Amino acid sequence: MSKIGLIIGREYSTRVKKKAFIVLTILVPILIVGLMFLAMWLGMEEKKHVEVLVADPRNLCEGTIFIGVDEKNAPATFSFYNDYIDSAAFASREEFQIYDVLITLNPTIVTNKTITGVYREEPSAEAKDYIQDKLELTLEEYFAEAKGLSIAEYREVRQRMKFILKSFSDTEQQDVRDKAQAIGLVFSIFIFIFILVYAAQVMRGVIEEKTSRVVEIIVSSVKPMELMMGKIIAVGLVGLTQFFIWIVLIFILMIGVQTFIFTDIMSPDNWQGINDGVAIGEISTGMETAEMQNQWAIVFFDYVNWPTLIIMFLLYFIGGYLLYGSLFAMIGSAVDSETDTQQLMMPVMMPLMFTYIVSVMIQGNADGATAMWLSQIPFSSPIIMLQRIAAGTVGIWEVVLSLSILTATFIMTTYLAGKIYRVGILMYGKKSTWRELFKWMRQA
Amino acid sequence: MLRVEHIVKQYAGHTALDDISISTKKGEIFGLLGPNGAGKTSLIRIINQITGPDSGKVFIEGREINRNDISQIGYLPEERGLYKKMKVREQSLYFARLKGLSKADAKKKLEYWFEKFEITSWYDKKVEELSKGMAQKIQFIITVLHEPKLLILDEPFSGFDPINTDLMRKEILQLKKNGTSIMLSTHNMTSVEEICDSIALIDKAKLILNGTLKEVKEQFRSHTYAVQYKGMSFGFANALWADYSLVHSEQLDEQRAIAHVKLLKGNTLNNLLNAVMPAVDIESVNEVLPTMNDIFIRAVNGEKGGENE
């Protein structure tokens, strides 16, 4: 085995054997799947069917409520009682226990236009809207009839308008793209966190070798560049290992939970819950139409090209990680302890943080000039480009160009970092500045 | 064995090595001496190919050194350290394999050394659980495990108690006996006198002394003799006249004394003996050679050898 192979082997095996690694690798998928199912379960709970008892002493509704044909999954059903029920009786009497909500249609309703009711357990917003909607419609029909309109006539007038407001420049496609870009944002955040966590691990590893003085023995056997590359590659492999274990575990857990606990959670009837879950962050008024929720499903299952997105995620993670990892290794080599890194970290952290913030700001604007430029600049492209790839608005040549620039840049930073690294690791007891680092670069 | 020719190394702002040329013979212990910051570590790092010289060349066994020679060199740096969280066996094998040993080979050699030092019980200990002296022993084993032809030891005795220092010295002498060439950098002048065959003294980036221990001492001899005699000390002093100078005198008992006498004006020992023999009974005469400690201080303070005071 070559020497760099030995180094990778050591760095990799000590890292994956660490308790923190094992715990995190197992815990994160459990947490993710747990939270996902918790969200779904809560969504199902919220959709509990509501039994409404309408106390209608004057028989205004004549014992029926108009229900549309397309409402198989109505969140509430109505029953009628042609007398007053006081709330104490509703609370205690056994015959009323099957009802969740008591609505009283007082005769004064004709003048004060107020419907009152009590509930045992607060119904979901969706159920409340539904109950109000249906009662209003029925009563309006009653009033219309009283004024001499036929129900048929009234219904014709009353029919709800559809209100569609769309962007001037584009059509529905834009909506789908924006949603796909939001999925890309999840990947952006993933890459950002991965780069940060693993590049920092490289830095810590370098500092550890330096402070324990073990580095001098190693560089008497291998070239400093081999040591640095070995470490960077090994830590990157640890990251990829963790990523793959997460994907596999999440997949297994999802299937497991679905098969053994929530056998029906994946049925299309419950997709609305999934879609609601994904829509967190969108302005959700509870009045979203089914059409809009379907769009998430379309984006999720049809629009986004998952294999491409995951391959690109890996490529950009590797590129971005090598770029930032080499810079972090360089910083690690120039200091004696982690507390000394602050000043040197600033210029490296800035582009990373900036890109992260921008990646959230360019939501809905995957074609903008900002997104376009930042998806080419190597310090930001790993985070930004994935959104554009997910949105599907990017040409193949743009991806190739961006990856080429990224590759050329990480080769250059690795080379320069290597020069600084070989001087830095043997320099003890000095708090280095960027100026000195550049001096070392020229020297080596 | 090792030949260093005209090495120059400059760092931003100062010269670390200024035209250094030295050579060592196979199977000898070569002492590389010098005050702190003189450039010893820079030279050692160049020989180890950790850094490169600005100019000059390093030859090993007659040919110019290259990356493959690294497996022929064992290096114990002054700033020592091991991976704290790694187990002793794993760690030793790792370093041995970095030097090019196969896994099986490394295992066999590791067993030999651990049994020799009777420390097989440390195999599965983490380095952070070991005392400093214990870690030093592991470090020494790691340095010699791949049986290097050239061993470079930077302050090998620091951090050891007297028992382990003695053990180390014996091991070093044993390695020498087996034909290993050793370059030793140390501030401990006693150990230099005890085990070094040749020395080089570097001060302020320049080589100021070089040669076998005997040659160097010869260079710095001051023609002073210790004369042990029986008789009156003032009689001895009177007999010396102006051709000799009495450096120092020590009374052993009521009748006997040792006097350190320096020969002046080209006088020989015979002249001295002729002068004092009538006054006292001479029991023994030895030449007082300068200690390495004296030589070190005198050389660094700017004195050249070969001058009489």
# chains A, B, ... in the order shown; residues from 1 in each chain; ligands from 1

$ interface_residues --of "chain B" --to "chain A" --cutoff "8 Å" --atoms "only C-alpha atoms" --output "list of chain:residue names"
B:Tyr11, B:Ala12, B:Asn48, B:Gln49, B:Ile50, B:Ile70, B:Ser71, B:Tyr75, B:Leu76, B:Pro77, B:Glu79, B:Arg80, B:Gly81, B:Leu82, B:Tyr83, B:Lys84, B:Tyr94, B:Phe95, B:Arg97, B:Leu98, B:Lys99

$ write_last_selection --atoms "C-alpha atoms" --output "PDB file, in the first residue's frame"
ATOM      1  CA  TYR B  11      14.490  31.873   6.057  1.00  0.00           C
ATOM      2  CA  ALA B  12      12.769  35.172   5.635  1.00  0.00           C
ATOM      3  CA  ASN B  48      15.666  14.133   6.613  1.00  0.00           C
ATOM      4  CA  GLN B  49      14.349  15.835   3.475  1.00  0.00           C
ATOM      5  CA  ILE B  50      11.643  17.528   5.480  1.00  0.00           C
ATOM      6  CA  ILE B  70      13.970   7.913   3.856  1.00  0.00           C
ATOM      7  CA  SER B  71      13.503   4.259   4.741  1.00  0.00           C
ATOM      8  CA  TYR B  75      14.721  10.194  13.073  1.00  0.00           C
ATOM      9  CA  LEU B  76      13.927  11.000  16.683  1.00  0.00           C
ATOM     10  CA  PRO B  77      12.961  14.668  16.723  1.00  0.00           C
ATOM     11  CA  GLU B  79       9.897  17.880  19.758  1.00  0.00           C
ATOM     12  CA  ARG B  80       8.503  14.449  20.284  1.00  0.00           C
ATOM     13  CA  GLY B  81       4.950  13.327  20.148  1.00  0.00           C
ATOM     14  CA  LEU B  82       2.644  10.488  19.359  1.00  0.00           C
ATOM     15  CA  TYR B  83      -1.060  10.248  18.641  1.00  0.00           C
ATOM     16  CA  LYS B  84      -2.483  10.413  22.124  1.00  0.00           C
ATOM     17  CA  TYR B  94       1.617   2.602  11.489  1.00  0.00           C
ATOM     18  CA  PHE B  95       4.911   4.452  11.734  1.00  0.00           C
ATOM     19  CA  ARG B  97       4.770   0.924   7.672  1.00  0.00           C
ATOM     20  CA  LEU B  98       5.154   4.582   6.776  1.00  0.00           C
ATOM     21  CA  LYS B  99       8.864   3.838   6.704  1.00  0.00           C
TER      22      LYS B  99
END

$ residues_around --residues "B:Lys125" --least-positions-apart "2" --cutoff "6 Å" --atoms "only C-alpha atoms" --output "number ranges by chain"
B: 87-88, 122-123

$ write_last_selection --atoms "C-alpha atoms" --output "compact mmCIF listing (two decimals), in the first residue's frame"
# COMPACT_ATOMS: atom_id res chain seq x y z
CA LYS B 87 -3.02 2.41 20.94
CA VAL B 88 0.69 1.67 21.26
CA TRP B 122 1.69 -1.75 26.93
CA TYR B 123 0.51 -2.97 23.54

$ closest_residue --among "B:Leu264, B:Val227, B:Val216, B:Leu175" --to "B:Glu250" --atoms "only C-alpha atoms"
B:Val227

$ select_by_dssp --residues "stretch 37-193 of chain A" --states "strand (DSSP E)" --output "list in words"
Val50, Glu51, Val52, Leu53, Val54, Ala55, Ala76, Thr77, Phe78, Ser79, Phe80, Tyr81, Val101, Leu102, Ile103, Thr104, Thr116, Gly117, Val118 and Tyr119 of chain A

$ select_by_dssp --residues "stretch 20-202 of chain A" --states "alpha helix (DSSP H)" --output "compact mmCIF listing (two decimals) with N, CA and C atoms, in the first residue's frame"
# COMPACT_ATOMS: atom_id res chain seq x y z
N ALA A 20 -18.58 9.56 18.78
CA ALA A 20 -19.40 10.66 18.28
C ALA A 20 -19.88 10.37 16.87
N PHE A 21 -18.99 9.80 16.05
CA PHE A 21 -19.35 9.50 14.68
C PHE A 21 -20.46 8.45 14.63
N ILE A 22 -20.28 7.38 15.40
CA ILE A 22 -21.24 6.29 15.37
C ILE A 22 -22.60 6.77 15.87
N VAL A 23 -22.58 7.50 16.98
CA VAL A 23 -23.84 7.99 17.55
C VAL A 23 -24.58 8.89 16.57
N LEU A 24 -23.83 9.82 15.99
CA LEU A 24 -24.45 10.78 15.06
C LEU A 24 -24.98 10.08 13.82
N THR A 25 -24.20 9.12 13.33
CA THR A 25 -24.58 8.43 12.10
C THR A 25 -25.88 7.65 12.29
N ILE A 26 -26.05 7.09 13.49
CA ILE A 26 -27.26 6.31 13.72
C ILE A 26 -28.43 7.20 14.14
N LEU A 27 -28.10 8.21 14.95
CA LEU A 27 -29.15 9.03 15.54
C LEU A 27 -29.85 9.93 14.53
N VAL A 28 -29.07 10.51 13.62
CA VAL A 28 -29.66 11.49 12.70
C VAL A 28 -30.78 10.90 11.84
N PRO A 29 -30.56 9.73 11.21
CA PRO A 29 -31.67 9.17 10.43
C PRO A 29 -32.89 8.87 11.29
N ILE A 30 -32.64 8.36 12.52
CA ILE A 30 -33.77 8.06 13.40
C ILE A 30 -34.54 9.33 13.69
N LEU A 31 -33.80 10.41 13.93
CA LEU A 31 -34.44 11.69 14.21
C LEU A 31 -35.23 12.19 13.01
N ILE A 32 -34.58 12.12 11.85
CA ILE A 32 -35.24 12.64 10.64
C ILE A 32 -36.53 11.86 10.37
N VAL A 33 -36.41 10.52 10.37
CA VAL A 33 -37.59 9.70 10.09
C VAL A 33 -38.62 9.89 11.19
N GLY A 34 -38.15 9.95 12.43
CA GLY A 34 -39.06 10.15 13.55
C GLY A 34 -39.85 11.44 13.40
N LEU A 35 -39.15 12.51 13.09
CA LEU A 35 -39.82 13.81 12.95
C LEU A 35 -40.79 13.81 11.78
N MET A 36 -40.35 13.14 10.68
CA MET A 36 -41.22 13.09 9.52
C MET A 36 -42.54 12.40 9.85
N PHE A 37 -42.42 11.27 10.54
CA PHE A 37 -43.64 10.53 10.84
C PHE A 37 -44.45 11.23 11.93
N LEU A 38 -43.76 11.91 12.80
CA LEU A 38 -44.48 12.68 13.80
C LEU A 38 -45.33 13.75 13.12
N ALA A 39 -44.70 14.40 12.13
CA ALA A 39 -45.42 15.45 11.41
C ALA A 39 -46.62 14.86 10.68
N MET A 40 -46.43 13.70 10.06
CA MET A 40 -47.52 13.06 9.35
C MET A 40 -48.63 12.66 10.31
N TRP A 41 -48.21 12.12 11.44
CA TRP A 41 -49.16 11.63 12.43
C TRP A 41 -50.00 12.79 12.98
N LEU A 42 -49.30 13.89 13.23
CA LEU A 42 -50.01 15.07 13.71
C LEU A 42 -50.97 15.56 12.64
N GLY A 43 -50.52 15.48 11.39
CA GLY A 43 -51.37 15.88 10.28
C GLY A 43 -52.62 15.04 10.22
N MET A 44 -52.47 13.73 10.46
CA MET A 44 -53.61 12.83 10.44
C MET A 44 -54.54 13.12 11.60
N GLU A 45 -53.94 13.37 12.73
CA GLU A 45 -54.70 13.66 13.94
C GLU A 45 -55.58 14.90 13.69
N GLU A 46 -54.96 15.89 13.05
CA GLU A 46 -55.67 17.13 12.82
C GLU A 46 -56.87 16.92 11.90
N SER A 87 -75.59 23.95 26.95
CA SER A 87 -74.25 23.38 26.85
C SER A 87 -73.95 22.40 27.98
N ALA A 88 -74.59 22.60 29.13
CA ALA A 88 -74.37 21.66 30.24
C ALA A 88 -74.90 20.29 29.85
N ALA A 89 -76.06 20.28 29.21
CA ALA A 89 -76.64 19.01 28.79
C ALA A 89 -75.77 18.36 27.71
N PHE A 90 -75.26 19.21 26.79
CA PHE A 90 -74.38 18.70 25.73
C PHE A 90 -73.12 18.07 26.33
N ALA A 91 -72.66 18.69 27.38
CA ALA A 91 -71.44 18.19 28.01
C ALA A 91 -71.67 16.87 28.72
N SER A 92 -72.85 16.72 29.37
CA SER A 92 -73.00 15.58 30.27
C SER A 92 -73.86 14.45 29.70
N ILE A 109 -80.88 34.77 14.62
CA ILE A 109 -79.88 34.73 13.54
C ILE A 109 -80.31 35.56 12.32
N VAL A 110 -81.63 35.65 12.15
CA VAL A 110 -82.15 36.39 11.01
C VAL A 110 -81.69 37.85 11.06
N THR A 111 -81.63 38.41 12.27
CA THR A 111 -81.23 39.80 12.39
C THR A 111 -79.75 39.99 12.72
N ASN A 112 -79.26 39.16 13.67
CA ASN A 112 -77.88 39.48 14.10
C ASN A 112 -76.79 38.72 13.34
N ALA A 125 -58.54 23.92 11.73
CA ALA A 125 -58.94 25.11 10.99
C ALA A 125 -59.74 24.71 9.76
N GLU A 126 -59.31 23.63 9.15
CA GLU A 126 -59.98 23.15 7.95
C GLU A 126 -61.44 22.79 8.26
N ALA A 127 -61.65 22.05 9.38
CA ALA A 127 -63.00 21.63 9.75
C ALA A 127 -63.86 22.85 10.09
N LYS A 128 -63.28 23.82 10.79
CA LYS A 128 -64.02 25.03 11.17
C LYS A 128 -64.50 25.76 9.92
N ASP A 129 -63.56 25.93 8.97
CA ASP A 129 -63.93 26.63 7.73
C ASP A 129 -65.07 25.89 7.02
N TYR A 130 -64.95 24.58 7.04
CA TYR A 130 -65.94 23.75 6.35
C TYR A 130 -67.31 23.92 7.00
N ILE A 131 -67.33 23.85 8.34
CA ILE A 131 -68.61 23.94 9.06
C ILE A 131 -69.25 25.31 8.78
N GLN A 132 -68.41 26.36 8.89
CA GLN A 132 -68.93 27.71 8.68
C GLN A 132 -69.49 27.85 7.26
N ASP A 133 -68.68 27.37 6.32
CA ASP A 133 -69.03 27.47 4.91
C ASP A 133 -70.39 26.83 4.63
N LYS A 134 -70.55 25.61 5.13
CA LYS A 134 -71.77 24.85 4.83
C LYS A 134 -72.99 25.46 5.51
N LEU A 135 -72.83 25.88 6.77
CA LEU A 135 -73.95 26.46 7.51
C LEU A 135 -74.38 27.77 6.85
N GLU A 136 -73.40 28.58 6.51
CA GLU A 136 -73.69 29.86 5.87
C GLU A 136 -74.50 29.65 4.60
N LEU A 137 -74.02 28.71 3.80
CA LEU A 137 -74.68 28.46 2.52
C LEU A 137 -76.14 28.05 2.73
N THR A 138 -76.33 27.13 3.66
CA THR A 138 -77.69 26.63 3.91
C THR A 138 -78.61 27.75 4.39
N LEU A 139 -78.08 28.56 5.32
CA LEU A 139 -78.90 29.63 5.89
C LEU A 139 -79.17 30.71 4.84
N GLU A 140 -78.16 31.01 4.05
CA GLU A 140 -78.35 32.00 2.99
C GLU A 140 -79.46 31.55 2.03
N GLU A 141 -79.44 30.25 1.76
CA GLU A 141 -80.50 29.72 0.89
C GLU A 141 -81.88 29.91 1.52
N TYR A 142 -81.88 29.71 2.84
CA TYR A 142 -83.15 29.88 3.56
C TYR A 142 -83.60 31.34 3.46
N PHE A 143 -82.64 32.26 3.66
CA PHE A 143 -82.99 33.68 3.60
C PHE A 143 -83.40 34.06 2.18
N ALA A 144 -82.70 33.52 1.20
CA ALA A 144 -83.01 33.83 -0.19
C ALA A 144 -84.43 33.40 -0.52
N GLU A 145 -84.74 32.19 -0.05
CA GLU A 145 -86.09 31.67 -0.29
C GLU A 145 -87.13 32.57 0.36
N ALA A 146 -86.79 33.03 1.59
CA ALA A 146 -87.71 33.90 2.32
C ALA A 146 -87.92 35.21 1.56
N ILE A 151 -84.22 28.48 -4.84
CA ILE A 151 -82.88 27.99 -4.44
C ILE A 151 -81.99 27.86 -5.67
N ALA A 152 -82.56 27.40 -6.73
CA ALA A 152 -81.77 27.24 -7.95
C ALA A 152 -81.21 28.58 -8.40
N GLU A 153 -82.07 29.61 -8.38
CA GLU A 153 -81.62 30.94 -8.78
C GLU A 153 -80.50 31.41 -7.86
N TYR A 154 -80.77 31.23 -6.56
CA TYR A 154 -79.77 31.71 -5.60
C TYR A 154 -78.42 31.03 -5.82
N ARG A 155 -78.48 29.72 -6.01
CA ARG A 155 -77.21 28.99 -6.19
C ARG A 155 -76.44 29.48 -7.41
N GLU A 156 -77.19 29.85 -8.40
CA GLU A 156 -76.54 30.34 -9.62
C GLU A 156 -75.76 31.62 -9.33
N VAL A 157 -76.44 32.51 -8.56
CA VAL A 157 -75.80 33.79 -8.23
C VAL A 157 -74.62 33.59 -7.28
N ARG A 158 -74.86 32.69 -6.37
CA ARG A 158 -73.92 32.56 -5.25
C ARG A 158 -72.60 31.86 -5.64
N GLU A 172 -47.60 28.88 -15.07
CA GLU A 172 -47.56 27.89 -14.01
C GLU A 172 -46.18 27.28 -13.79
N GLN A 173 -45.45 27.16 -14.91
CA GLN A 173 -44.14 26.53 -14.87
C GLN A 173 -43.24 27.18 -13.81
N GLN A 174 -43.38 28.50 -13.71
CA GLN A 174 -42.56 29.25 -12.76
C GLN A 174 -42.77 28.74 -11.34
N ASP A 175 -44.03 28.50 -11.02
CA ASP A 175 -44.39 28.01 -9.70
C ASP A 175 -43.70 26.69 -9.39
N VAL A 176 -43.75 25.81 -10.37
CA VAL A 176 -43.16 24.49 -10.20
C VAL A 176 -41.65 24.64 -10.01
N ARG A 177 -41.06 25.52 -10.82
CA ARG A 177 -39.62 25.74 -10.72
C ARG A 177 -39.22 26.25 -9.35
N ASP A 178 -40.01 27.20 -8.85
CA ASP A 178 -39.69 27.76 -7.54
C ASP A 178 -39.74 26.69 -6.47
N LYS A 179 -40.71 25.83 -6.60
CA LYS A 179 -40.83 24.76 -5.60
C LYS A 179 -39.65 23.81 -5.71
N ALA A 180 -39.28 23.51 -6.97
CA ALA A 180 -38.13 22.62 -7.17
C ALA A 180 -36.86 23.26 -6.61
N GLN A 181 -36.78 24.58 -6.79
CA GLN A 181 -35.60 25.29 -6.28
C GLN A 181 -35.56 25.19 -4.76
N ALA A 182 -36.72 25.22 -4.14
CA ALA A 182 -36.78 25.11 -2.69
C ALA A 182 -36.24 23.75 -2.24
N ILE A 183 -36.51 22.72 -3.04
CA ILE A 183 -35.93 21.41 -2.72
C ILE A 183 -34.42 21.49 -2.87
N GLY A 184 -33.98 22.22 -3.92
CA GLY A 184 -32.54 22.45 -4.10
C GLY A 184 -31.94 23.15 -2.89
N LEU A 185 -32.72 24.04 -2.28
CA LEU A 185 -32.23 24.77 -1.11
C LEU A 185 -31.88 23.80 0.03
N VAL A 186 -32.70 22.76 0.16
CA VAL A 186 -32.40 21.77 1.19
C VAL A 186 -31.01 21.19 0.94
N PHE A 187 -30.70 20.92 -0.33
CA PHE A 187 -29.38 20.40 -0.67
C PHE A 187 -28.29 21.44 -0.43
N SER A 188 -28.62 22.71 -0.74
CA SER A 188 -27.66 23.79 -0.46
C SER A 188 -27.27 23.79 1.00
N ILE A 189 -28.30 23.69 1.85
CA ILE A 189 -28.04 23.74 3.29
C ILE A 189 -27.21 22.53 3.70
N PHE A 190 -27.57 21.37 3.13
CA PHE A 190 -26.81 20.15 3.41
C PHE A 190 -25.33 20.33 3.07
N ILE A 191 -25.07 20.84 1.88
CA ILE A 191 -23.68 21.01 1.44
C ILE A 191 -22.97 22.00 2.34
N PHE A 192 -23.65 23.07 2.67
CA PHE A 192 -23.06 24.09 3.55
C PHE A 192 -22.65 23.46 4.87
N ILE A 193 -23.56 22.70 5.47
CA ILE A 193 -23.26 22.10 6.77
C ILE A 193 -22.14 21.07 6.63
N PHE A 194 -22.22 20.24 5.59
CA PHE A 194 -21.20 19.21 5.39
C PHE A 194 -19.81 19.83 5.21
N ILE A 195 -19.74 20.87 4.37
CA ILE A 195 -18.45 21.50 4.14
C ILE A 195 -17.91 22.06 5.44
N LEU A 196 -18.78 22.74 6.16
CA LEU A 196 -18.36 23.38 7.41
C LEU A 196 -17.86 22.35 8.41
N VAL A 197 -18.68 21.30 8.60
CA VAL A 197 -18.36 20.30 9.62
C VAL A 197 -17.06 19.56 9.27
N TYR A 198 -16.95 19.12 8.01
CA TYR A 198 -15.81 18.28 7.69
C TYR A 198 -14.53 19.08 7.43
N ALA A 199 -14.67 20.28 6.88
CA ALA A 199 -13.47 21.11 6.73
C ALA A 199 -12.92 21.47 8.11
N ALA A 200 -13.83 21.74 9.04
CA ALA A 200 -13.37 22.05 10.40
C ALA A 200 -12.69 20.84 11.03
N GLN A 201 -13.19 19.64 10.67
CA GLN A 201 -12.54 18.43 11.20
C GLN A 201 -11.11 18.29 10.68
N VAL A 202 -10.93 18.64 9.41
CA VAL A 202 -9.58 18.59 8.84
C VAL A 202 -8.68 19.54 9.63

$ atom_distance --atom1 "atom CA of A:Gly236" --atom2 "atom CA of A:Tyr321"
7.3 Å

$ decode --residues "stretch 245-268 of chain B" --atoms "N, CA and C atoms" --output "PDB file, in the first residue's frame"
ATOM      1  N   SER B 245      53.122  27.922  34.790  1.00  0.00           N
ATOM      2  CA  SER B 245      52.188  28.656  35.648  1.00  0.00           C
ATOM      3  C   SER B 245      51.344  27.658  36.426  1.00  0.00           C
ATOM      4  N   LEU B 246      51.240  27.897  37.705  1.00  0.00           N
ATOM      5  CA  LEU B 246      50.463  27.019  38.571  1.00  0.00           C
ATOM      6  C   LEU B 246      49.001  27.465  38.492  1.00  0.00           C
ATOM      7  N   VAL B 247      48.227  26.648  37.783  1.00  0.00           N
ATOM      8  CA  VAL B 247      46.822  27.049  37.554  1.00  0.00           C
ATOM      9  C   VAL B 247      45.996  26.869  38.803  1.00  0.00           C
ATOM     10  N   HIS B 248      46.304  25.755  39.503  1.00  0.00           N
ATOM     11  CA  HIS B 248      45.358  25.364  40.545  1.00  0.00           C
ATOM     12  C   HIS B 248      46.024  24.279  41.371  1.00  0.00           C
ATOM     13  N   SER B 249      45.821  24.288  42.663  1.00  0.00           N
ATOM     14  CA  SER B 249      46.456  23.279  43.509  1.00  0.00           C
ATOM     15  C   SER B 249      45.468  22.780  44.548  1.00  0.00           C
ATOM     16  N   GLU B 250      45.589  21.479  44.819  1.00  0.00           N
ATOM     17  CA  GLU B 250      44.616  20.897  45.743  1.00  0.00           C
ATOM     18  C   GLU B 250      45.349  19.960  46.695  1.00  0.00           C
ATOM     19  N   GLN B 251      45.179  20.185  47.966  1.00  0.00           N
ATOM     20  CA  GLN B 251      45.844  19.384  48.977  1.00  0.00           C
ATOM     21  C   GLN B 251      45.052  18.106  49.210  1.00  0.00           C
ATOM     22  N   LEU B 252      45.705  16.922  49.053  1.00  0.00           N
ATOM     23  CA  LEU B 252      44.979  15.668  49.254  1.00  0.00           C
ATOM     24  C   LEU B 252      44.965  15.264  50.721  1.00  0.00           C
ATOM     25  N   ASP B 253      46.143  15.308  51.326  1.00  0.00           N
ATOM     26  CA  ASP B 253      46.221  15.129  52.785  1.00  0.00           C
ATOM     27  C   ASP B 253      47.380  15.973  53.287  1.00  0.00           C
ATOM     28  N   GLU B 254      47.911  15.674  54.487  1.00  0.00           N
ATOM     29  CA  GLU B 254      48.951  16.542  55.048  1.00  0.00           C
ATOM     30  C   GLU B 254      50.197  16.612  54.168  1.00  0.00           C
ATOM     31  N   GLN B 255      50.518  15.506  53.492  1.00  0.00           N
ATOM     32  CA  GLN B 255      51.766  15.494  52.740  1.00  0.00           C
ATOM     33  C   GLN B 255      51.603  15.553  51.240  1.00  0.00           C
ATOM     34  N   ARG B 256      50.400  15.144  50.748  1.00  0.00           N
ATOM     35  CA  ARG B 256      50.250  14.975  49.304  1.00  0.00           C
ATOM     36  C   ARG B 256      49.302  16.004  48.686  1.00  0.00           C
ATOM     37  N   ALA B 257      49.603  16.342  47.438  1.00  0.00           N
ATOM     38  CA  ALA B 257      48.780  17.346  46.757  1.00  0.00           C
ATOM     39  C   ALA B 257      48.751  17.071  45.253  1.00  0.00           C
ATOM     40  N   ILE B 258      47.735  17.626  44.570  1.00  0.00           N
ATOM     41  CA  ILE B 258      47.698  17.597  43.096  1.00  0.00           C
ATOM     42  C   ILE B 258      47.787  19.035  42.620  1.00  0.00           C
ATOM     43  N   ALA B 259      48.745  19.309  41.735  1.00  0.00           N
ATOM     44  CA  ALA B 259      48.881  20.663  41.204  1.00  0.00           C
ATOM     45  C   ALA B 259      48.640  20.637  39.707  1.00  0.00           C
ATOM     46  N   HIS B 260      47.853  21.587  39.183  1.00  0.00           N
ATOM     47  CA  HIS B 260      47.668  21.723  37.728  1.00  0.00           C
ATOM     48  C   HIS B 260      48.651  22.769  37.228  1.00  0.00           C
ATOM     49  N   VAL B 261      49.535  22.334  36.376  1.00  0.00           N
ATOM     50  CA  VAL B 261      50.595  23.229  35.936  1.00  0.00           C
ATOM     51  C   VAL B 261      50.530  23.384  34.424  1.00  0.00           C
ATOM     52  N   LYS B 262      50.610  24.606  33.979  1.00  0.00           N
ATOM     53  CA  LYS B 262      50.559  24.870  32.551  1.00  0.00           C
ATOM     54  C   LYS B 262      51.967  25.167  32.051  1.00  0.00           C
ATOM     55  N   LEU B 263      52.337  24.515  30.923  1.00  0.00           N
ATOM     56  CA  LEU B 263      53.677  24.746  30.389  1.00  0.00           C
ATOM     57  C   LEU B 263      53.688  26.013  29.559  1.00  0.00           C
ATOM     58  N   LEU B 264      54.649  26.867  29.791  1.00  0.00           N
ATOM     59  CA  LEU B 264      54.758  28.106  29.013  1.00  0.00           C
ATOM     60  C   LEU B 264      56.016  28.073  28.162  1.00  0.00           C
ATOM     61  N   LYS B 265      56.105  28.934  27.209  1.00  0.00           N
ATOM     62  CA  LYS B 265      57.308  29.164  26.395  1.00  0.00           C
ATOM     63  C   LYS B 265      57.887  27.882  25.808  1.00  0.00           C
ATOM     64  N   GLY B 266      57.055  27.013  25.289  1.00  0.00           N
ATOM     65  CA  GLY B 266      57.545  25.841  24.577  1.00  0.00           C
ATOM     66  C   GLY B 266      58.208  24.789  25.447  1.00  0.00           C
ATOM     67  N   ASN B 267      57.995  24.856  26.720  1.00  0.00           N
ATOM     68  CA  ASN B 267      58.546  23.829  27.593  1.00  0.00           C
ATOM     69  C   ASN B 267      57.828  22.506  27.413  1.00  0.00           C
ATOM     70  N   THR B 268      58.546  21.428  27.699  1.00  0.00           N
ATOM     71  CA  THR B 268      57.930  20.106  27.594  1.00  0.00           C
ATOM     72  C   THR B 268      57.674  19.565  28.984  1.00  0.00           C
TER      73      THR B 268
END
